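Source file target.csv; content: CSV, C-alpha atoms.
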chain,number,residue,atom,x,y,z
A,11,GLN,CA,1.9,6.4,19.5
A,12,LYS,CA,1.7,5.0,16.0
A,13,GLU,CA,4.4,2.6,14.9
A,14,VAL,CA,5.1,4.8,11.8
A,15,GLU,CA,4.6,8.6,11.8
A,16,GLN,CA,4.4,10.5,8.6
A,17,ASP,CA,3.4,14.1,8.0
A,18,PRO,CA,0.2,14.0,5.9
A,19,GLY,CA,0.9,17.4,4.2
A,20,PRO,CA,-0.2,18.6,1.8
A,21,LEU,CA,3.2,19.8,0.7
A,22,SER,CA,3.3,22.2,-2.2
A,23,VAL,CA,6.5,23.0,-4.1
A,24,PRO,CA,7.5,24.7,-7.3
A,25,GLU,CA,8.6,22.7,-10.3
A,26,GLY,CA,12.4,22.0,-10.1
A,27,ALA,CA,12.5,22.1,-6.3
A,28,ILE,CA,14.1,19.4,-4.2
A,29,VAL,CA,11.5,17.6,-2.1
A,30,SER,CA,12.2,15.9,1.2
A,31,LEU,CA,9.7,13.4,2.5
A,32,ASN,CA,10.2,11.8,5.9
A,33,CYS,CA,8.9,9.1,8.3
A,34,THR,CA,9.8,8.2,11.8
A,35,TYR,CA,9.1,4.9,13.5
A,36,SER,CA,9.2,3.4,16.9
A,37,ASN,CA,9.9,-0.3,16.3
A,38,SER,CA,13.6,-0.9,16.2
A,39,ALA,CA,13.0,-4.3,14.6
A,40,PHE,CA,12.1,-2.8,11.3
A,41,GLN,CA,14.8,-3.8,8.8
A,42,TYR,CA,13.2,-3.3,5.4
A,43,PHE,CA,12.1,0.2,4.2
A,44,MET,CA,10.0,1.1,1.2
A,45,TRP,CA,8.6,4.2,-0.5
A,46,TYR,CA,5.4,3.9,-2.5
A,47,ARG,CA,3.9,6.5,-4.8
A,48,GLN,CA,0.1,6.6,-5.1
A,49,TYR,CA,-1.8,8.6,-7.7
A,50,SER,CA,-5.4,9.5,-6.9
A,51,ARG,CA,-7.7,6.6,-7.1
A,52,LYS,CA,-4.9,4.2,-8.1
A,53,GLY,CA,-3.0,1.5,-6.2
A,54,PRO,CA,0.4,2.3,-4.7
A,55,GLU,CA,3.5,1.9,-6.9
A,56,LEU,CA,6.8,0.8,-5.4
A,57,LEU,CA,9.5,3.5,-5.8
A,58,MET,CA,12.3,2.6,-3.6
A,59,TYR,CA,13.3,-0.4,-1.5
A,60,THR,CA,16.1,-0.5,1.0
A,61,TYR,CA,17.4,-2.9,3.6
A,62,SER,CA,18.8,-1.6,6.9
A,63,SER,CA,20.7,1.7,7.0
A,64,GLY,CA,22.2,3.6,4.2
A,65,ASN,CA,21.4,5.4,1.0
A,66,LYS,CA,20.0,4.3,-2.3
A,67,GLU,CA,19.7,6.3,-5.4
A,68,ASP,CA,17.5,5.7,-8.5
A,69,GLY,CA,17.3,8.5,-11.0
A,70,ARG,CA,15.9,11.6,-9.4
A,71,PHE,CA,15.0,9.7,-6.2
A,72,THR,CA,17.2,9.0,-3.2
A,73,ALA,CA,16.1,7.0,-0.2
A,74,GLN,CA,17.9,7.3,3.1
A,75,VAL,CA,17.6,5.2,6.2
A,76,ASP,CA,19.0,6.1,9.6
A,77,LYS,CA,18.2,3.3,11.9
A,78,SER,CA,19.9,4.9,14.9
A,79,SER,CA,17.5,7.8,14.7
A,80,LYS,CA,14.6,5.6,13.4
A,81,TYR,CA,14.2,8.0,10.6
A,82,ILE,CA,13.8,7.5,6.9
A,83,SER,CA,13.7,10.0,4.0
A,84,LEU,CA,12.9,10.2,0.4
A,85,PHE,CA,14.4,13.0,-1.7
A,86,ILE,CA,13.1,14.0,-5.1
A,87,ARG,CA,15.4,16.1,-7.2
A,88,ASP,CA,14.2,18.4,-10.0
A,89,SER,CA,10.6,17.8,-9.1
A,90,GLN,CA,8.0,17.7,-11.9
A,91,PRO,CA,4.3,18.2,-11.9
A,92,SER,CA,4.0,14.5,-12.7
A,93,ASP,CA,5.5,13.8,-9.2
A,94,SER,CA,2.3,15.2,-7.7
A,95,ALA,CA,0.9,12.2,-5.7
A,96,THR,CA,0.7,10.8,-2.2
A,97,TYR,CA,3.9,9.2,-1.0
A,98,LEU,CA,3.7,6.4,1.5
A,99,CYS,CA,6.5,5.0,3.5
A,100,ALA,CA,6.3,1.4,4.6
A,101,MET,CA,8.5,-1.0,6.6
A,102,LYS,CA,8.7,-4.5,7.8
A,103,ILE,CA,10.6,-6.7,10.3
A,104,THR,CA,12.8,-9.6,9.4
A,105,GLY,CA,10.7,-12.8,9.6
A,106,GLY,CA,7.5,-10.9,9.4
A,107,GLY,CA,6.6,-12.4,6.0
A,108,ASN,CA,5.6,-9.7,3.7
A,109,LYS,CA,3.4,-7.8,6.1
A,110,LEU,CA,4.1,-4.1,5.9
A,111,THR,CA,3.4,-1.3,8.2
A,112,PHE,CA,2.5,1.9,6.4
A,113,GLY,CA,2.7,5.6,7.2
A,114,THR,CA,-0.3,7.7,6.6
A,115,GLY,CA,1.2,9.1,3.4
A,116,THR,CA,2.3,12.7,2.4
A,117,GLN,CA,0.4,14.4,-0.3
A,118,LEU,CA,2.7,16.3,-2.6
A,119,LYS,CA,1.8,18.9,-5.2
A,120,VAL,CA,4.4,20.2,-7.6
A,121,GLU,CA,3.3,23.4,-9.2
A,122,LEU,CA,4.3,24.9,-12.5
B,6,GLY,CA,8.1,-4.7,-11.8
B,7,ALA,CA,5.6,-7.5,-11.3
B,8,VAL,CA,2.0,-6.8,-12.4
B,9,VAL,CA,-1.0,-7.3,-10.2
B,10,SER,CA,-4.4,-6.9,-11.8
B,11,GLN,CA,-7.5,-6.1,-9.8
B,12,HIS,CA,-11.1,-6.2,-11.1
B,13,PRO,CA,-13.5,-4.5,-11.1
B,14,SER,CA,-12.0,-1.1,-10.7
B,15,ARG,CA,-15.3,0.4,-9.8
B,16,VAL,CA,-18.5,-1.1,-8.6
B,17,ILE,CA,-21.8,0.3,-7.4
B,18,CYS,CA,-24.2,-2.0,-5.6
B,19,LYS,CA,-27.4,-1.9,-3.6
B,20,SER,CA,-27.4,-2.3,0.1
B,21,GLY,CA,-27.7,-6.0,1.1
B,22,THR,CA,-26.1,-7.4,-2.0
B,23,SER,CA,-22.7,-9.1,-2.2
B,24,VAL,CA,-19.8,-8.0,-4.3
B,25,LYS,CA,-16.7,-10.0,-5.4
B,26,ILE,CA,-13.4,-8.3,-6.2
B,27,GLU,CA,-10.6,-10.3,-7.9
B,28,CYS,CA,-6.9,-9.9,-7.5
B,29,ARG,CA,-4.6,-11.6,-10.0
B,30,SER,CA,-0.8,-11.8,-10.2
B,31,LEU,CA,-0.2,-11.7,-14.0
B,32,ASP,CA,3.5,-12.7,-14.4
B,33,PHE,CA,4.4,-14.4,-11.1
B,34,GLN,CA,3.0,-16.8,-8.6
B,35,ALA,CA,2.0,-15.5,-5.2
B,36,THR,CA,1.6,-17.8,-2.3
B,37,THR,CA,0.5,-14.8,-0.2
B,38,MET,CA,-1.7,-11.9,-1.1
B,39,PHE,CA,-2.8,-9.0,1.1
B,40,TRP,CA,-6.1,-7.1,1.1
B,41,TYR,CA,-6.3,-3.5,2.3
B,42,ARG,CA,-8.9,-0.9,2.8
B,43,GLN,CA,-8.2,2.8,2.3
B,44,PHE,CA,-10.4,5.7,3.4
B,45,PRO,CA,-10.0,9.1,1.7
B,46,LYS,CA,-6.7,10.8,2.6
B,47,LYS,CA,-5.9,7.9,4.9
B,48,SER,CA,-3.3,5.2,4.8
B,49,LEU,CA,-3.8,1.6,3.9
B,50,MET,CA,-5.4,-0.5,6.5
B,51,LEU,CA,-4.5,-4.2,6.3
B,52,MET,CA,-7.6,-6.3,6.4
B,53,ALA,CA,-6.3,-9.8,5.9
B,54,THR,CA,-3.5,-12.0,4.6
B,55,SER,CA,-4.7,-14.4,1.9
B,56,ASN,CA,-2.8,-17.7,1.9
B,57,GLU,CA,-3.0,-20.0,-1.1
B,58,GLY,CA,-4.8,-23.2,-0.2
B,59,SER,CA,-5.6,-22.3,3.3
B,60,LYS,CA,-7.8,-19.9,5.4
B,61,ALA,CA,-7.1,-16.2,5.4
B,62,THR,CA,-5.6,-14.5,8.4
B,63,TYR,CA,-7.7,-11.5,9.4
B,64,GLU,CA,-6.5,-8.5,11.3
B,65,GLN,CA,-8.1,-7.6,14.6
B,66,GLY,CA,-11.5,-5.9,14.1
B,67,VAL,CA,-12.1,-7.2,10.6
B,68,GLU,CA,-15.3,-9.4,10.3
B,69,LYS,CA,-14.3,-12.5,8.5
B,70,ASP,CA,-17.9,-13.5,7.8
B,71,LYS,CA,-18.4,-10.1,6.1
B,72,PHE,CA,-15.2,-10.0,4.1
B,73,LEU,CA,-14.8,-13.5,2.6
B,74,ILE,CA,-11.4,-14.2,1.2
B,75,ASN,CA,-10.6,-17.1,-1.1
B,76,HIS,CA,-7.1,-17.8,-2.5
B,77,ALA,CA,-7.9,-20.6,-4.9
B,78,SER,CA,-4.7,-20.6,-6.9
B,79,LEU,CA,-1.2,-19.1,-6.9
B,80,THR,CA,-2.3,-16.3,-9.1
B,81,LEU,CA,-5.8,-15.5,-7.9
B,82,SER,CA,-7.3,-14.2,-4.6
B,83,THR,CA,-10.9,-12.9,-4.2
B,84,LEU,CA,-12.5,-10.7,-1.7
B,85,THR,CA,-16.3,-10.9,-1.3
B,86,VAL,CA,-18.1,-8.2,0.6
B,87,THR,CA,-21.2,-9.9,1.8
B,88,SER,CA,-24.5,-8.1,2.6
B,89,ALA,CA,-22.9,-4.8,1.8
B,90,HIS,CA,-23.9,-1.6,3.6
B,91,PRO,CA,-23.1,2.0,2.9
B,92,GLU,CA,-20.4,2.0,5.5
B,93,ASP,CA,-18.6,-0.7,3.5
B,94,SER,CA,-18.1,1.9,0.7
B,95,SER,CA,-14.3,2.3,0.4
B,96,PHE,CA,-11.3,1.8,-1.8
B,97,TYR,CA,-10.1,-1.9,-1.6
B,98,ILE,CA,-6.6,-2.7,-2.7
B,99,CYS,CA,-4.8,-6.0,-3.0
B,100,SER,CA,-1.1,-6.7,-3.1
B,101,ALA,CA,1.2,-9.6,-3.8
B,102,SER,CA,4.9,-10.5,-3.7
B,103,ALA,CA,6.9,-12.6,-6.0
B,104,GLN,CA,9.2,-13.6,-3.2
B,105,ALA,CA,8.4,-14.5,0.4
B,106,ASN,CA,9.8,-12.3,3.2
B,107,THR,CA,11.3,-9.6,1.1
B,108,GLY,CA,8.5,-7.1,1.8
B,109,GLU,CA,8.6,-6.0,-1.9
B,110,LEU,CA,4.9,-5.9,-2.6
B,111,PHE,CA,3.2,-5.0,-5.8
B,112,PHE,CA,-0.2,-3.5,-5.7
B,113,GLY,CA,-3.3,-3.8,-7.8
B,114,GLU,CA,-5.0,-0.7,-9.1
B,115,GLY,CA,-7.7,-0.8,-6.4
B,116,SER,CA,-11.4,-1.2,-6.5
B,117,ARG,CA,-13.8,1.6,-5.6
B,118,LEU,CA,-16.9,0.2,-3.9
B,119,THR,CA,-20.0,2.3,-3.5
B,120,VAL,CA,-22.9,0.9,-1.7
B,121,LEU,CA,-26.2,2.7,-2.1

Now, as a test, write the supplied structure out as structure tokens.
Amino acid sequence: QKEVEQDPGPLSVPEGAIVSLNCTYSNSAFQYFMWYRQYSRKGPELLMYTYSSGNKEDGRFTAQVDKSSKYISLFIRDSQPSDSATYLCAMKITGGGNKLTFGTGTQLKVEL
Amino acid sequence: GAVVSQHPSRVICKSGTSVKIECRSLDFQATTMFWYRQFPKKSLMLMATSNEGSKATYEQGVEKDKFLINHASLTLSTLTVTSAHPEDSSFYICSASAQANTGELFFGEGSRLTVL
């Protein structure tokens, strides 16, 4: 079993839809949770960063962490074609330096 | 956010030659940088952790003699792919953090290596 599981997609939605992206994990020691967006042939870009459980909102993006279920989510409201990219979840343990464990990424396409 | 610059963005080389990729933190100092390899439609695979002033820490299965990492200063790390072969063709990405232990990493733009 992988430490971090993420549905690779592809996920195709119409413009304006609410997108839900998810990851599950097995290591209960993970405390820091991140979402990165990666456009084709580019490096990942940090979107959201949360510590422990709870919600965090930034514009059209909301990150949720449920540590009891070992489940994290990223919601994108009013999705735009420019949101079309691969979304990677990542997480780390306390005291693990800055070494992250990544999911495989979900490819999202927002269509006009 | 912090800026990490990676160069070159694309390189094509002949089999048997060596290629150097640079990773620079432009507006912050990074005591630790990370090097990843990414295959098409796959996630990032951590290759090694680059520590300023000391030897890199390689992940299991990564050949340290093939992938030479040097972290000469707080703003520069280099990855040299030695005696490159076609199977080394991949997308190589570096990352760095402005603060230790936060997990908040900033990534370079990546370098596409093609070995003929």

Which residues of chain A sit at most 8 Å from chain B, using all atoms listed in the file? Give each one's shortest atom pair and distance in Å (one decimal place), in chain and ascending residue order, as a Markdown table.
| residue | atom | partner | partner_atom | distance |
| --- | --- | --- | --- | --- |
| A:Tyr42 | CA | B:Gly108 | CA | 7.0 |
| A:Met44 | CA | B:Glu109 | CA | 7.9 |
| A:Arg51 | CA | B:Gly115 | CA | 7.4 |
| A:Lys52 | CA | B:Glu114 | CA | 5.0 |
| A:Gly53 | CA | B:Glu114 | CA | 4.2 |
| A:Pro54 | CA | B:Phe112 | CA | 5.9 |
| A:Glu55 | CA | B:Phe112 | CA | 6.7 |
| A:Leu56 | CA | B:Phe111 | CA | 6.8 |
| A:Tyr59 | CA | B:Glu109 | CA | 7.3 |
| A:Leu98 | CA | B:Ser48 | CA | 7.8 |
| A:Met101 | CA | B:Gly108 | CA | 7.8 |
| A:Lys102 | CA | B:Gly108 | CA | 6.5 |
| A:Thr104 | CA | B:Asn106 | CA | 7.4 |
| A:Gly105 | CA | B:Asn106 | CA | 6.5 |
| A:Gly106 | CA | B:Asn106 | CA | 6.8 |
| A:Gly107 | CA | B:Asn106 | CA | 4.3 |
| A:Asn108 | CA | B:Gly108 | CA | 4.3 |
| A:Lys109 | CA | B:Gly108 | CA | 6.7 |
| A:Leu110 | CA | B:Gly108 | CA | 6.7 |
| A:Phe112 | CA | B:Leu49 | CA | 6.8 |
| A:Gly113 | CA | B:Ser48 | CA | 6.5 |
| A:Thr114 | CA | B:Ser48 | CA | 4.3 |
| A:Gly115 | CA | B:Ser48 | CA | 6.1 |

Fill in: Interatomic distance, atom CA of Phe85 of chain A to atom CA of Val14 of chain A (Å, one decimal)
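Computing the Euclidean distance for atom CA of Phe85 of chain A and atom CA of Val14 of chain A yields 18.3 Å.
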
The distance between atom CA of Asp93 of chain B and atom CA of His76 of chain B is 21.5 Å

#### Entry: Coordinates-based distance that separates atom CA of Thr34 of chain A from atom CA of Leu118 of chain A (Å, one decimal)
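Atom CA of Leu118 of chain A sits 18.0 Å away from atom CA of Thr34 of chain A.
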
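Closest approach to Pro91 of chain B among B:Ile74, B:Val67, B:Leu79, B:Leu121: B:Leu121, based on all atoms listed in the file.
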
- Hey, what's within 9 Å of Ile86 of chain A if we count only C-alpha atoms and toss same-chain stuff fewer than 4 positions away? As a PyMOL selection string, please? chain A and resi 27-31+70-72+93

Any chance you could build segment 97-111 of chain A out to N, CA and C atoms and write it as a CSV table (one decimal), keeping the file's coordinate frame?
chain,number,residue,atom,x,y,z
A,97,TYR,N,2.8,10.1,-1.2
A,97,TYR,CA,3.9,9.2,-1.0
A,97,TYR,C,3.8,8.5,0.3
A,98,LEU,N,3.9,7.2,0.3
A,98,LEU,CA,3.7,6.4,1.5
A,98,LEU,C,5.0,5.7,1.9
A,99,CYS,N,5.4,5.8,3.1
A,99,CYS,CA,6.5,5.0,3.5
A,99,CYS,C,5.9,3.7,4.1
A,100,ALA,N,6.8,2.7,4.0
A,100,ALA,CA,6.3,1.4,4.6
A,100,ALA,C,7.6,0.6,5.1
A,101,MET,N,7.4,-0.2,6.0
A,101,MET,CA,8.5,-1.0,6.6
A,101,MET,C,8.0,-2.3,7.1
A,102,LYS,N,9.0,-3.2,7.3
A,102,LYS,CA,8.7,-4.5,7.8
A,102,LYS,C,9.9,-5.1,8.6
A,103,ILE,N,9.5,-6.0,9.5
A,103,ILE,CA,10.6,-6.7,10.3
A,103,ILE,C,11.1,-7.9,9.6
A,104,THR,N,12.2,-8.4,9.9
A,104,THR,CA,12.8,-9.6,9.4
A,104,THR,C,11.9,-10.8,9.9
A,105,GLY,N,11.5,-11.7,9.1
A,105,GLY,CA,10.7,-12.8,9.6
A,105,GLY,C,9.3,-12.5,9.7
A,106,GLY,N,8.9,-11.3,9.3
A,106,GLY,CA,7.5,-10.9,9.4
A,106,GLY,C,6.7,-11.3,8.1
A,107,GLY,N,7.2,-12.2,7.3
A,107,GLY,CA,6.6,-12.4,6.0
A,107,GLY,C,6.7,-11.2,5.2
A,108,ASN,N,5.6,-10.9,4.5
A,108,ASN,CA,5.6,-9.7,3.7
A,108,ASN,C,4.6,-8.7,4.2
A,109,LYS,N,4.3,-8.7,5.5
A,109,LYS,CA,3.4,-7.8,6.1
A,109,LYS,C,4.0,-6.5,6.4
A,110,LEU,N,3.5,-5.5,5.8
A,110,LEU,CA,4.1,-4.1,5.9
A,110,LEU,C,3.3,-3.2,6.8
A,111,THR,N,4.0,-2.3,7.5
A,111,THR,CA,3.4,-1.3,8.2
A,111,THR,C,3.6,0.0,7.5
